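Asks: For reference, the file upload.pdb (PDB, C-alpha atoms) is included below:
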```
ATOM      1  CA  MET A   1       0.000   0.000   0.000  1.00  0.00           C
ATOM      2  CA  ASN A   2       1.354   3.390  -0.941  1.00  0.00           C
ATOM      3  CA  SER A   3       1.710   6.519   1.069  1.00  0.00           C
ATOM      4  CA  VAL A   4      -0.273   9.630   0.224  1.00  0.00           C
ATOM      5  CA  GLY A   5       3.092  11.196  -0.586  1.00  0.00           C
ATOM      6  CA  GLU A   6       4.816   9.170  -3.281  1.00  0.00           C
ATOM      7  CA  ALA A   7       8.275   9.881  -1.881  1.00  0.00           C
ATOM      8  CA  CYS A   8       7.257   8.533   1.540  1.00  0.00           C
ATOM      9  CA  THR A   9       6.236   5.034   0.470  1.00  0.00           C
ATOM     10  CA  GLU A  10       9.608   3.442   1.236  1.00  0.00           C
ATOM     11  CA  LEU A  11       9.808   5.080   4.687  1.00  0.00           C
ATOM     12  CA  LYS A  12       6.235   3.973   5.299  1.00  0.00           C
ATOM     13  CA  ARG A  13       7.076   0.365   4.385  1.00  0.00           C
ATOM     14  CA  GLU A  14      10.001   0.291   6.792  1.00  0.00           C
ATOM     15  CA  TYR A  15       7.855   1.651   9.600  1.00  0.00           C
ATOM     16  CA  ASP A  16       4.954  -0.682   8.757  1.00  0.00           C
ATOM     17  CA  GLN A  17       7.216  -3.748   8.879  1.00  0.00           C
ATOM     18  CA  CYS A  18       8.543  -2.743  12.290  1.00  0.00           C
ATOM     19  CA  PHE A  19       5.095  -1.925  13.635  1.00  0.00           C
ATOM     20  CA  ASN A  20       3.378  -5.061  12.274  1.00  0.00           C
ATOM     21  CA  ARG A  21       5.994  -7.266  13.903  1.00  0.00           C
ATOM     22  CA  TRP A  22       5.665  -5.514  17.276  1.00  0.00           C
ATOM     23  CA  PHE A  23       1.867  -5.493  17.016  1.00  0.00           C
ATOM     24  CA  ALA A  24       1.537  -9.248  16.363  1.00  0.00           C
ATOM     25  CA  GLU A  25       4.372 -10.522  18.532  1.00  0.00           C
ATOM     26  CA  THR A  26       4.260  -8.166  21.491  1.00  0.00           C
ATOM     27  CA  PHE A  27       1.165  -6.004  21.776  1.00  0.00           C
ATOM     28  CA  LEU A  28      -1.488  -8.626  20.958  1.00  0.00           C
ATOM     29  CA  LYS A  29       0.184 -11.129  23.275  1.00  0.00           C
ATOM     30  CA  GLY A  30      -0.468  -8.771  26.158  1.00  0.00           C
ATOM     31  CA  GLU A  31       3.121  -7.677  26.650  1.00  0.00           C
ATOM     32  CA  ARG A  32       3.516  -4.073  27.700  1.00  0.00           C
ATOM     33  CA  ALA A  33       6.813  -3.294  25.997  1.00  0.00           C
ATOM     34  CA  ALA A  34       6.685  -0.093  23.951  1.00  0.00           C
ATOM     35  CA  ASP A  35       7.218  -0.406  20.229  1.00  0.00           C
ATOM     36  CA  PRO A  36      10.806   0.014  19.017  1.00  0.00           C
ATOM     37  CA  CYS A  37       9.746   1.897  15.909  1.00  0.00           C
ATOM     38  CA  GLY A  38       9.951   5.491  17.214  1.00  0.00           C
ATOM     39  CA  GLN A  39      12.775   6.662  15.006  1.00  0.00           C
ATOM     40  CA  LEU A  40      11.377   5.051  11.873  1.00  0.00           C
ATOM     41  CA  PHE A  41       8.026   6.650  12.639  1.00  0.00           C
ATOM     42  CA  ARG A  42       9.521  10.123  13.088  1.00  0.00           C
ATOM     43  CA  ARG A  43      11.369   9.955   9.755  1.00  0.00           C
ATOM     44  CA  TYR A  44       8.238   8.713   8.008  1.00  0.00           C
ATOM     45  CA  GLN A  45       6.111  11.408   9.648  1.00  0.00           C
ATOM     46  CA  LEU A  46       8.345  14.270   8.554  1.00  0.00           C
ATOM     47  CA  CYS A  47       7.863  13.114   4.979  1.00  0.00           C
ATOM     48  CA  VAL A  48       4.089  12.645   5.298  1.00  0.00           C
ATOM     49  CA  GLN A  49       3.457  16.008   6.972  1.00  0.00           C
ATOM     50  CA  LYS A  50       5.327  17.691   4.145  1.00  0.00           C
ATOM     51  CA  ALA A  51       3.257  15.823   1.527  1.00  0.00           C
ATOM     52  CA  ILE A  52       0.025  16.746   3.325  1.00  0.00           C
ATOM     53  CA  LYS A  53       0.943  20.430   3.257  1.00  0.00           C
ATOM     54  CA  GLU A  54       1.962  20.265  -0.386  1.00  0.00           C
ATOM     55  CA  LYS A  55      -1.248  18.562  -1.447  1.00  0.00           C
ATOM     56  CA  ASP A  56      -3.359  20.800   0.755  1.00  0.00           C
ATOM     57  CA  ILE A  57      -5.089  17.889   2.445  1.00  0.00           C
ATOM     58  CA  PRO A  58      -7.532  19.294   4.998  1.00  0.00           C
ATOM     59  CA  ILE A  59      -6.646  17.357   8.118  1.00  0.00           C
ATOM     60  CA  GLU A  60      -7.019  20.423  10.329  1.00  0.00           C
ATOM     61  CA  GLY A  61      -4.671  19.685  13.156  1.00  0.00           C
ATOM     62  CA  LEU A  62      -5.514  15.985  13.436  1.00  0.00           C
ATOM     63  CA  GLU A  63      -1.903  15.248  14.241  1.00  0.00           C
ATOM     64  CA  PHE A  64      -2.232  17.188  17.462  1.00  0.00           C
ATOM     65  CA  MET A  65      -5.189  15.199  18.717  1.00  0.00           C
ATOM     66  CA  GLY A  66      -4.783  13.401  21.998  1.00  0.00           C
ATOM     67  CA  PRO A  67      -6.753  10.356  23.179  1.00  0.00           C
ATOM     68  CA  SER A  68      -9.400  12.408  24.970  1.00  0.00           C
ATOM     69  CA  LYS A  69     -10.323  14.650  22.063  1.00  0.00           C
ATOM     70  CA  GLY A  70     -13.253  13.817  19.811  1.00  0.00           C
ATOM     71  CA  LYS A  71     -13.679  14.437  16.103  1.00  0.00           C
ATOM     72  CA  THR A  72     -13.169  18.043  15.123  1.00  0.00           C
ATOM     73  CA  GLU A  73     -16.252  19.850  13.830  1.00  0.00           C
ATOM     74  CA  ASN A  74     -16.351  20.161  10.048  1.00  0.00           C
ATOM     75  CA  SER A  75     -17.175  23.649   8.895  1.00  0.00           C
ATOM     76  CA  SER A  76     -19.519  23.792   5.934  1.00  0.00           C
TER      77      SER A  76
ATOM     78  CA  MET B  77      -3.859  -2.825  10.203  1.00  0.00           C
ATOM     79  CA  GLN B  78      -3.208  -4.811   7.066  1.00  0.00           C
ATOM     80  CA  LYS B  79      -6.679  -4.416   5.634  1.00  0.00           C
ATOM     81  CA  TYR B  80      -5.509  -2.613   2.473  1.00  0.00           C
ATOM     82  CA  PRO B  81      -4.756  -3.488  -0.296  1.00  0.00           C
ATOM     83  CA  ASN B  82      -7.460  -6.049  -0.914  1.00  0.00           C
ATOM     84  CA  PRO B  83      -9.459  -6.863  -4.052  1.00  0.00           C
ATOM     85  CA  MET B  84     -12.782  -5.737  -2.570  1.00  0.00           C
ATOM     86  CA  ASN B  85     -11.715  -2.126  -2.008  1.00  0.00           C
ATOM     87  CA  PRO B  86      -9.627  -1.259  -5.059  1.00  0.00           C
ATOM     88  CA  SER B  87     -10.391   2.400  -4.611  1.00  0.00           C
ATOM     89  CA  VAL B  88      -8.184   2.788  -1.518  1.00  0.00           C
ATOM     90  CA  VAL B  89      -4.864   3.882  -2.985  1.00  0.00           C
ATOM     91  CA  GLY B  90      -3.014   5.303  -0.031  1.00  0.00           C
ATOM     92  CA  VAL B  91      -2.864   4.760   3.705  1.00  0.00           C
ATOM     93  CA  ASP B  92      -0.761   6.783   6.127  1.00  0.00           C
ATOM     94  CA  VAL B  93      -0.444   6.680   9.878  1.00  0.00           C
ATOM     95  CA  LEU B  94      -0.606  10.176  11.352  1.00  0.00           C
ATOM     96  CA  ASP B  95      -0.424   9.311  15.002  1.00  0.00           C
ATOM     97  CA  ARG B  96      -0.162   6.229  17.111  1.00  0.00           C
ATOM     98  CA  HIS B  97       0.015   5.863  20.886  1.00  0.00           C
ATOM     99  CA  ILE B  98      -0.985   3.633  23.759  1.00  0.00           C
ATOM    100  CA  ASP B  99      -3.306   5.247  26.268  1.00  0.00           C
ATOM    101  CA  PRO B 100      -2.970   4.841  30.052  1.00  0.00           C
ATOM    102  CA  SER B 101      -5.369   1.867  29.999  1.00  0.00           C
ATOM    103  CA  GLY B 102      -3.176  -0.008  27.501  1.00  0.00           C
ATOM    104  CA  LYS B 103      -5.312   0.467  24.402  1.00  0.00           C
ATOM    105  CA  LEU B 104      -3.622   1.256  21.080  1.00  0.00           C
ATOM    106  CA  HIS B 105      -4.927   4.356  19.303  1.00  0.00           C
ATOM    107  CA  SER B 106      -4.109   5.024  15.668  1.00  0.00           C
ATOM    108  CA  HIS B 107      -5.032   7.947  13.492  1.00  0.00           C
ATOM    109  CA  ARG B 108      -4.790   7.222   9.803  1.00  0.00           C
ATOM    110  CA  LEU B 109      -5.310   9.092   6.588  1.00  0.00           C
ATOM    111  CA  LEU B 110      -6.829   7.088   3.740  1.00  0.00           C
ATOM    112  CA  SER B 111      -6.835   8.317   0.173  1.00  0.00           C
ATOM    113  CA  THR B 112      -9.325   6.877  -2.240  1.00  0.00           C
ATOM    114  CA  GLU B 113      -9.620   7.129  -5.974  1.00  0.00           C
ATOM    115  CA  TRP B 114     -13.032   6.743  -7.522  1.00  0.00           C
ATOM    116  CA  GLY B 115     -13.411   5.000 -10.894  1.00  0.00           C
ATOM    117  CA  ILE B 116     -13.388   8.203 -12.891  1.00  0.00           C
ATOM    118  CA  PRO B 117     -12.475   7.744 -16.579  1.00  0.00           C
ATOM    119  CA  SER B 118      -8.872   8.657 -17.256  1.00  0.00           C
ATOM    120  CA  ILE B 119      -9.840  11.225 -19.858  1.00  0.00           C
ATOM    121  CA  VAL B 120     -11.700  13.163 -17.198  1.00  0.00           C
ATOM    122  CA  LYS B 121      -8.748  12.797 -14.844  1.00  0.00           C
ATOM    123  CA  SER B 122      -6.360  14.159 -17.456  1.00  0.00           C
ATOM    124  CA  LEU B 123      -8.570  17.222 -17.777  1.00  0.00           C
ATOM    125  CA  ILE B 124      -9.117  17.997 -14.146  1.00  0.00           C
ATOM    126  CA  GLY B 125      -6.004  16.408 -12.633  1.00  0.00           C
ATOM    127  CA  THR B 126      -5.742  13.557 -10.115  1.00  0.00           C
ATOM    128  CA  CYS B 127      -5.653  15.956  -7.166  1.00  0.00           C
ATOM    129  CA  ARG B 128      -9.294  16.773  -7.768  1.00  0.00           C
ATOM    130  CA  THR B 129     -10.377  13.102  -7.994  1.00  0.00           C
ATOM    131  CA  ARG B 130      -8.693  12.000  -4.769  1.00  0.00           C
ATOM    132  CA  THR B 131     -10.894  11.935  -1.727  1.00  0.00           C
ATOM    133  CA  TYR B 132      -9.554  11.682   1.766  1.00  0.00           C
ATOM    134  CA  VAL B 133     -10.885   9.978   4.853  1.00  0.00           C
ATOM    135  CA  GLN B 134      -9.571  10.184   8.374  1.00  0.00           C
ATOM    136  CA  GLU B 135      -9.816   7.086  10.561  1.00  0.00           C
ATOM    137  CA  HIS B 136      -9.367   6.683  14.308  1.00  0.00           C
ATOM    138  CA  SER B 137      -8.989   3.132  15.570  1.00  0.00           C
ATOM    139  CA  VAL B 138      -8.704   1.706  19.081  1.00  0.00           C
ATOM    140  CA  VAL B 139      -7.444  -1.806  19.788  1.00  0.00           C
ATOM    141  CA  ASP B 140      -8.040  -3.296  23.236  1.00  0.00           C
ATOM    142  CA  PRO B 141      -5.727  -6.306  23.561  1.00  0.00           C
ATOM    143  CA  VAL B 142      -7.340  -7.466  26.806  1.00  0.00           C
ATOM    144  CA  LYS B 143     -10.969  -7.375  25.700  1.00  0.00           C
ATOM    145  CA  LYS B 144      -9.856  -8.323  22.152  1.00  0.00           C
ATOM    146  CA  THR B 145     -11.902  -5.597  20.536  1.00  0.00           C
ATOM    147  CA  MET B 146     -11.211  -3.113  17.791  1.00  0.00           C
ATOM    148  CA  GLU B 147     -13.235  -0.023  17.091  1.00  0.00           C
ATOM    149  CA  LEU B 148     -12.842   2.106  13.979  1.00  0.00           C
ATOM    150  CA  LYS B 149     -14.393   5.497  13.395  1.00  0.00           C
ATOM    151  CA  SER B 150     -13.926   7.245  10.107  1.00  0.00           C
ATOM    152  CA  SER B 151     -15.252  10.317   8.406  1.00  0.00           C
ATOM    153  CA  ASN B 152     -14.601  12.033   5.099  1.00  0.00           C
ATOM    154  CA  ILE B 153     -12.464  15.142   5.121  1.00  0.00           C
ATOM    155  CA  SER B 154     -12.946  15.904   1.416  1.00  0.00           C
ATOM    156  CA  PHE B 155     -16.170  17.416   0.099  1.00  0.00           C
ATOM    157  CA  THR B 156     -17.316  18.171   3.623  1.00  0.00           C
ATOM    158  CA  ASN B 157     -19.290  21.069   2.189  1.00  0.00           C
ATOM    159  CA  LEU B 158     -21.379  18.582   0.201  1.00  0.00           C
ATOM    160  CA  VAL B 159     -21.601  15.347   2.113  1.00  0.00           C
ATOM    161  CA  SER B 160     -20.710  13.940   5.474  1.00  0.00           C
ATOM    162  CA  VAL B 161     -20.162  10.216   5.959  1.00  0.00           C
ATOM    163  CA  ASP B 162     -19.372   9.008   9.444  1.00  0.00           C
ATOM    164  CA  GLU B 163     -18.756   5.312   9.877  1.00  0.00           C
ATOM    165  CA  ARG B 164     -18.244   3.265  13.008  1.00  0.00           C
ATOM    166  CA  LEU B 165     -17.151  -0.391  13.085  1.00  0.00           C
ATOM    167  CA  VAL B 166     -16.734  -2.513  16.178  1.00  0.00           C
ATOM    168  CA  TYR B 167     -15.126  -5.964  16.127  1.00  0.00           C
ATOM    169  CA  LYS B 168     -15.546  -8.006  19.273  1.00  0.00           C
ATOM    170  CA  PRO B 169     -15.475 -11.665  20.286  1.00  0.00           C
ATOM    171  CA  HIS B 170     -18.741 -13.529  19.825  1.00  0.00           C
ATOM    172  CA  PRO B 171     -20.302 -13.883  23.296  1.00  0.00           C
ATOM    173  CA  HIS B 172     -21.212 -17.569  22.804  1.00  0.00           C
ATOM    174  CA  GLU B 173     -18.839 -18.847  20.134  1.00  0.00           C
ATOM    175  CA  PRO B 174     -15.219 -18.154  21.099  1.00  0.00           C
ATOM    176  CA  HIS B 175     -13.766 -18.659  17.606  1.00  0.00           C
ATOM    177  CA  LYS B 176     -16.040 -16.105  16.026  1.00  0.00           C
ATOM    178  CA  THR B 177     -15.959 -12.355  15.844  1.00  0.00           C
ATOM    179  CA  ILE B 178     -18.964 -10.049  15.718  1.00  0.00           C
ATOM    180  CA  LEU B 179     -18.753  -6.978  13.530  1.00  0.00           C
ATOM    181  CA  THR B 180     -21.258  -4.195  13.971  1.00  0.00           C
ATOM    182  CA  GLN B 181     -21.167  -1.391  11.482  1.00  0.00           C
ATOM    183  CA  GLU B 182     -23.090   1.856  11.329  1.00  0.00           C
ATOM    184  CA  ALA B 183     -22.915   4.864   9.101  1.00  0.00           C
ATOM    185  CA  ILE B 184     -24.467   8.299   9.314  1.00  0.00           C
ATOM    186  CA  ILE B 185     -24.749  10.005   5.983  1.00  0.00           C
ATOM    187  CA  SER B 186     -25.902  13.523   5.368  1.00  0.00           C
ATOM    188  CA  VAL B 187     -26.023  15.331   2.075  1.00  0.00           C
ATOM    189  CA  LYS B 188     -26.052  19.096   2.382  1.00  0.00           C
ATOM    190  CA  GLY B 189     -27.778  21.797   0.436  1.00  0.00           C
ATOM    191  CA  VAL B 190     -29.035  19.645  -2.420  1.00  0.00           C
ATOM    192  CA  SER B 191     -32.754  19.270  -3.180  1.00  0.00           C
ATOM    193  CA  LEU B 192     -32.382  15.592  -4.046  1.00  0.00           C
ATOM    194  CA  SER B 193     -30.860  15.005  -0.628  1.00  0.00           C
ATOM    195  CA  SER B 194     -33.160  12.217   0.515  1.00  0.00           C
ATOM    196  CA  TYR B 195     -32.690  10.333  -2.781  1.00  0.00           C
ATOM    197  CA  LEU B 196     -28.918  10.731  -2.593  1.00  0.00           C
ATOM    198  CA  GLU B 197     -28.871   9.712   1.054  1.00  0.00           C
ATOM    199  CA  GLY B 198     -30.833   6.582   0.147  1.00  0.00           C
ATOM    200  CA  LEU B 199     -28.397   5.817  -2.676  1.00  0.00           C
ATOM    201  CA  MET B 200     -25.413   6.258  -0.410  1.00  0.00           C
ATOM    202  CA  ALA B 201     -27.021   4.142   2.312  1.00  0.00           C
ATOM    203  CA  ASN B 202     -27.450   1.292  -0.198  1.00  0.00           C
ATOM    204  CA  THR B 203     -23.855   1.603  -1.355  1.00  0.00           C
ATOM    205  CA  ILE B 204     -22.530   1.634   2.196  1.00  0.00           C
ATOM    206  CA  SER B 205     -24.696  -1.337   3.136  1.00  0.00           C
ATOM    207  CA  SER B 206     -23.412  -3.420   0.215  1.00  0.00           C
ATOM    208  CA  ASN B 207     -19.887  -2.227   0.955  1.00  0.00           C
ATOM    209  CA  ALA B 208     -20.286  -3.436   4.543  1.00  0.00           C
ATOM    210  CA  ASN B 209     -20.514  -6.963   3.158  1.00  0.00           C
ATOM    211  CA  LYS B 210     -17.472  -6.321   0.997  1.00  0.00           C
ATOM    212  CA  GLY B 211     -15.612  -5.085   4.056  1.00  0.00           C
ATOM    213  CA  ARG B 212     -16.303  -8.325   5.878  1.00  0.00           C
ATOM    214  CA  GLU B 213     -15.262 -10.342   2.804  1.00  0.00           C
ATOM    215  CA  ALA B 214     -12.155  -8.198   2.538  1.00  0.00           C
ATOM    216  CA  LEU B 215     -11.096  -9.027   6.084  1.00  0.00           C
ATOM    217  CA  GLU B 216     -11.756 -12.718   5.488  1.00  0.00           C
ATOM    218  CA  TRP B 217      -9.592 -12.512   2.378  1.00  0.00           C
ATOM    219  CA  VAL B 218      -6.763 -10.894   4.360  1.00  0.00           C
ATOM    220  CA  ILE B 219      -7.061 -13.542   7.125  1.00  0.00           C
ATOM    221  CA  ASN B 220      -6.872 -16.370   4.579  1.00  0.00           C
ATOM    222  CA  LYS B 221      -3.856 -14.743   2.953  1.00  0.00           C
ATOM    223  CA  LEU B 222      -2.053 -14.435   6.299  1.00  0.00           C
ATOM    224  CA  ASN B 223      -2.901 -18.065   7.190  1.00  0.00           C
ATOM    225  CA  ALA B 224      -1.568 -19.277   3.841  1.00  0.00           C
ATOM    226  CA  GLU B 225       1.659 -17.324   4.433  1.00  0.00           C
ATOM    227  CA  ILE B 226       2.052 -18.902   7.882  1.00  0.00           C
ATOM    228  CA  GLU B 227       1.460 -22.413   6.483  1.00  0.00           C
ATOM    229  CA  GLU B 228       3.970 -21.880   3.713  1.00  0.00           C
ATOM    230  CA  PHE B 229       6.542 -20.607   6.202  1.00  0.00           C
ATOM    231  CA  THR B 230       5.938 -23.562   8.557  1.00  0.00           C
ATOM    232  CA  ALA B 231       6.200 -26.097   5.722  1.00  0.00           C
ATOM    233  CA  SER B 232       9.489 -24.679   4.492  1.00  0.00           C
ATOM    234  CA  ALA B 233      10.852 -24.474   8.060  1.00  0.00           C
ATOM    235  CA  ARG B 234       9.897 -28.127   8.582  1.00  0.00           C
ATOM    236  CA  GLY B 235      11.617 -29.054   5.330  1.00  0.00           C
ATOM    237  CA  THR B 236      14.770 -27.206   6.374  1.00  0.00           C
ATOM    238  CA  MET B 237      14.780 -28.879   9.805  1.00  0.00           C
ATOM    239  CA  ARG B 238      14.294 -32.331   8.290  1.00  0.00           C
ATOM    240  CA  ASN B 239      17.210 -31.729   5.953  1.00  0.00           C
ATOM    241  CA  SER B 240      19.504 -30.600   8.770  1.00  0.00           C
ATOM    242  CA  MET B 241      18.456 -33.528  10.991  1.00  0.00           C
ATOM    243  CA  ALA B 242      19.111 -35.964   8.155  1.00  0.00           C
ATOM    244  CA  ALA B 243      22.491 -34.339   7.537  1.00  0.00           C
ATOM    245  CA  ALA B 244      23.342 -34.503  11.269  1.00  0.00           C
ATOM    246  CA  ALA B 245      22.310 -38.186  11.435  1.00  0.00           C
ATOM    247  CA  PHE B 246      24.435 -38.902   8.363  1.00  0.00           C
ATOM    248  CA  VAL B 247      27.447 -37.166   9.908  1.00  0.00           C
ATOM    249  CA  GLU B 248      27.062 -39.041  13.220  1.00  0.00           C
ATOM    250  CA  LYS B 249      27.168 -42.391  11.428  1.00  0.00           C
TER     251      LYS B 249
END
```
Show me this structure written as structure tokens.
Replies:
Amino acid sequence: MNSVGEACTELKREYDQCFNRWFAETFLKGERAADPCGQLFRRYQLCVQKAIKEKDIPIEGLEFMGPSKGKTENSS
Amino acid sequence: MQKYPNPMNPSVVGVDVLDRHIDPSGKLHSHRLLSTEWGIPSIVKSLIGTCRTRTYVQEHSVVDPVKKTMELKSSNISFTNLVSVDERLVYKPHPHEPHKTILTQEAIISVKGVSLSSYLEGLMANTISSNANKGREALEWVINKLNAEIEEFTASARGTMRNSMAAAAFVEK
């Protein structure tokens, strides 16, 4: 599956591989260890955020949402 | 997490994770951006450009590894001035049959400012309802694919082990 930013697809794949392994082998088995993919995620994110700005995708501060916040109101 | 790509939803062309974290109760939250491409003829695309034919959806999912549930909430972020589609899916273990999963799916659709709104809402409701079936088939397809991969891996591992055991036995003699 590709990234929304074409240049980010490779970084996304690397992160996805790391995450999928941790998800299946650690998280779902009930182990509490944090995922080791932080750096891969940060590199991938820098690329994606840039692509989102370039393509003018209206995510309206989604990336700042914490677990307690609900869906942002759509203005129409 | 590995739902796309699958043959039942060919229109999803891009998936990106925007945020991911584990909350204090141990549940995994993910925020994803999905980009979809509708089946618009390429001649139209070449006139108006692919940027205008891409629609974007934001999805928030929560996985509870203890209760073994997953909840997904998604809504469109393109064309919000015209239509609003909010979908919620919940996967949880079947209360009586431990090897089965129950999926409940609901969608709220509103079409804004168009006189044919109730007709269009009905049309969209039908599409979403038939897509709900496709979604379930899609997940079954992905599960079968993963199972086949595991079987293949196990068979080749067994083959490798047999070969090394035979070689070791040969050497011992």
Asks: How many Å lie between CA of Pro174 (chain B) and CA of Ala34 (chain A), rounded to one decimal?
Replies: 28.5 Å
Asks: Applied to the shown file, which residues does the PyMOL selection byres ((chain A and resi 55) around 12) return, written as a PDB file with C-alpha atoms, in the coordinates of the input?
Replies:
```pdb
ATOM      1  CA  VAL A   4      -0.273   9.630   0.224  1.00  0.00           C
ATOM      2  CA  GLY A   5       3.092  11.196  -0.586  1.00  0.00           C
ATOM      3  CA  GLU A   6       4.816   9.170  -3.281  1.00  0.00           C
ATOM      4  CA  VAL A  48       4.089  12.645   5.298  1.00  0.00           C
ATOM      5  CA  GLN A  49       3.457  16.008   6.972  1.00  0.00           C
ATOM      6  CA  LYS A  50       5.327  17.691   4.145  1.00  0.00           C
ATOM      7  CA  ALA A  51       3.257  15.823   1.527  1.00  0.00           C
ATOM      8  CA  ILE A  52       0.025  16.746   3.325  1.00  0.00           C
ATOM      9  CA  LYS A  53       0.943  20.430   3.257  1.00  0.00           C
ATOM     10  CA  GLU A  54       1.962  20.265  -0.386  1.00  0.00           C
ATOM     11  CA  ASP A  56      -3.359  20.800   0.755  1.00  0.00           C
ATOM     12  CA  ILE A  57      -5.089  17.889   2.445  1.00  0.00           C
ATOM     13  CA  PRO A  58      -7.532  19.294   4.998  1.00  0.00           C
ATOM     14  CA  ILE A  59      -6.646  17.357   8.118  1.00  0.00           C
TER      15      ILE A  59
ATOM     16  CA  SER B 111      -6.835   8.317   0.173  1.00  0.00           C
ATOM     17  CA  THR B 126      -5.742  13.557 -10.115  1.00  0.00           C
ATOM     18  CA  CYS B 127      -5.653  15.956  -7.166  1.00  0.00           C
ATOM     19  CA  ARG B 128      -9.294  16.773  -7.768  1.00  0.00           C
ATOM     20  CA  ARG B 130      -8.693  12.000  -4.769  1.00  0.00           C
ATOM     21  CA  THR B 131     -10.894  11.935  -1.727  1.00  0.00           C
ATOM     22  CA  TYR B 132      -9.554  11.682   1.766  1.00  0.00           C
TER      23      TYR B 132
END
```
Asks: Go ahead and compute the interatomic distance for CA of Val88 (chain B) and CA of Ser3 (chain A), in Å to one decimal.
Replies: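 Separation between CA of Val88 (chain B) and CA of Ser3 (chain A): 10.9 Å.
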Asks: Assuming the chain letters and numbering stay as they are in my file, what does the PyMOL selection byres ((chain B) within 7 of (chain A)) actually select? List them as a ChimeraX atom specification.
Replies: /B:80-81,89-92,94-95,99,111,141,153,156-157
Asks: I'd like to know which of B:Ser151, B:Ser101, B:Thr145, B:Ser87 is closest to Thr177 (chain B), using only C-alpha atoms.
Replies: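 Of B:Ser151, B:Ser101, B:Thr145, B:Ser87, the one nearest Thr177 (chain B) is B:Thr145, counting only C-alpha atoms.
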Asks: Please indicate the distance in Å from CA of Asn220 (chain B) to CA of Ala208 (chain B), rounded to one decimal place.
Replies: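 Taking CA of Asn220 (chain B) as the start and CA of Ala208 (chain B) as the end point, the length is 18.6 Å.
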Asks: Find the residues around Leu40 (chain A) up to 8 Å (all atoms listed in the file counted), leave out those fewer than 2 positions away in its own chain, and share them as a list in words.
Replies: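 Listing them by chain and then by number gives Leu11, Glu14, Tyr15, Cys37, Gly38, Arg42, Arg43 and Tyr44 of chain A.
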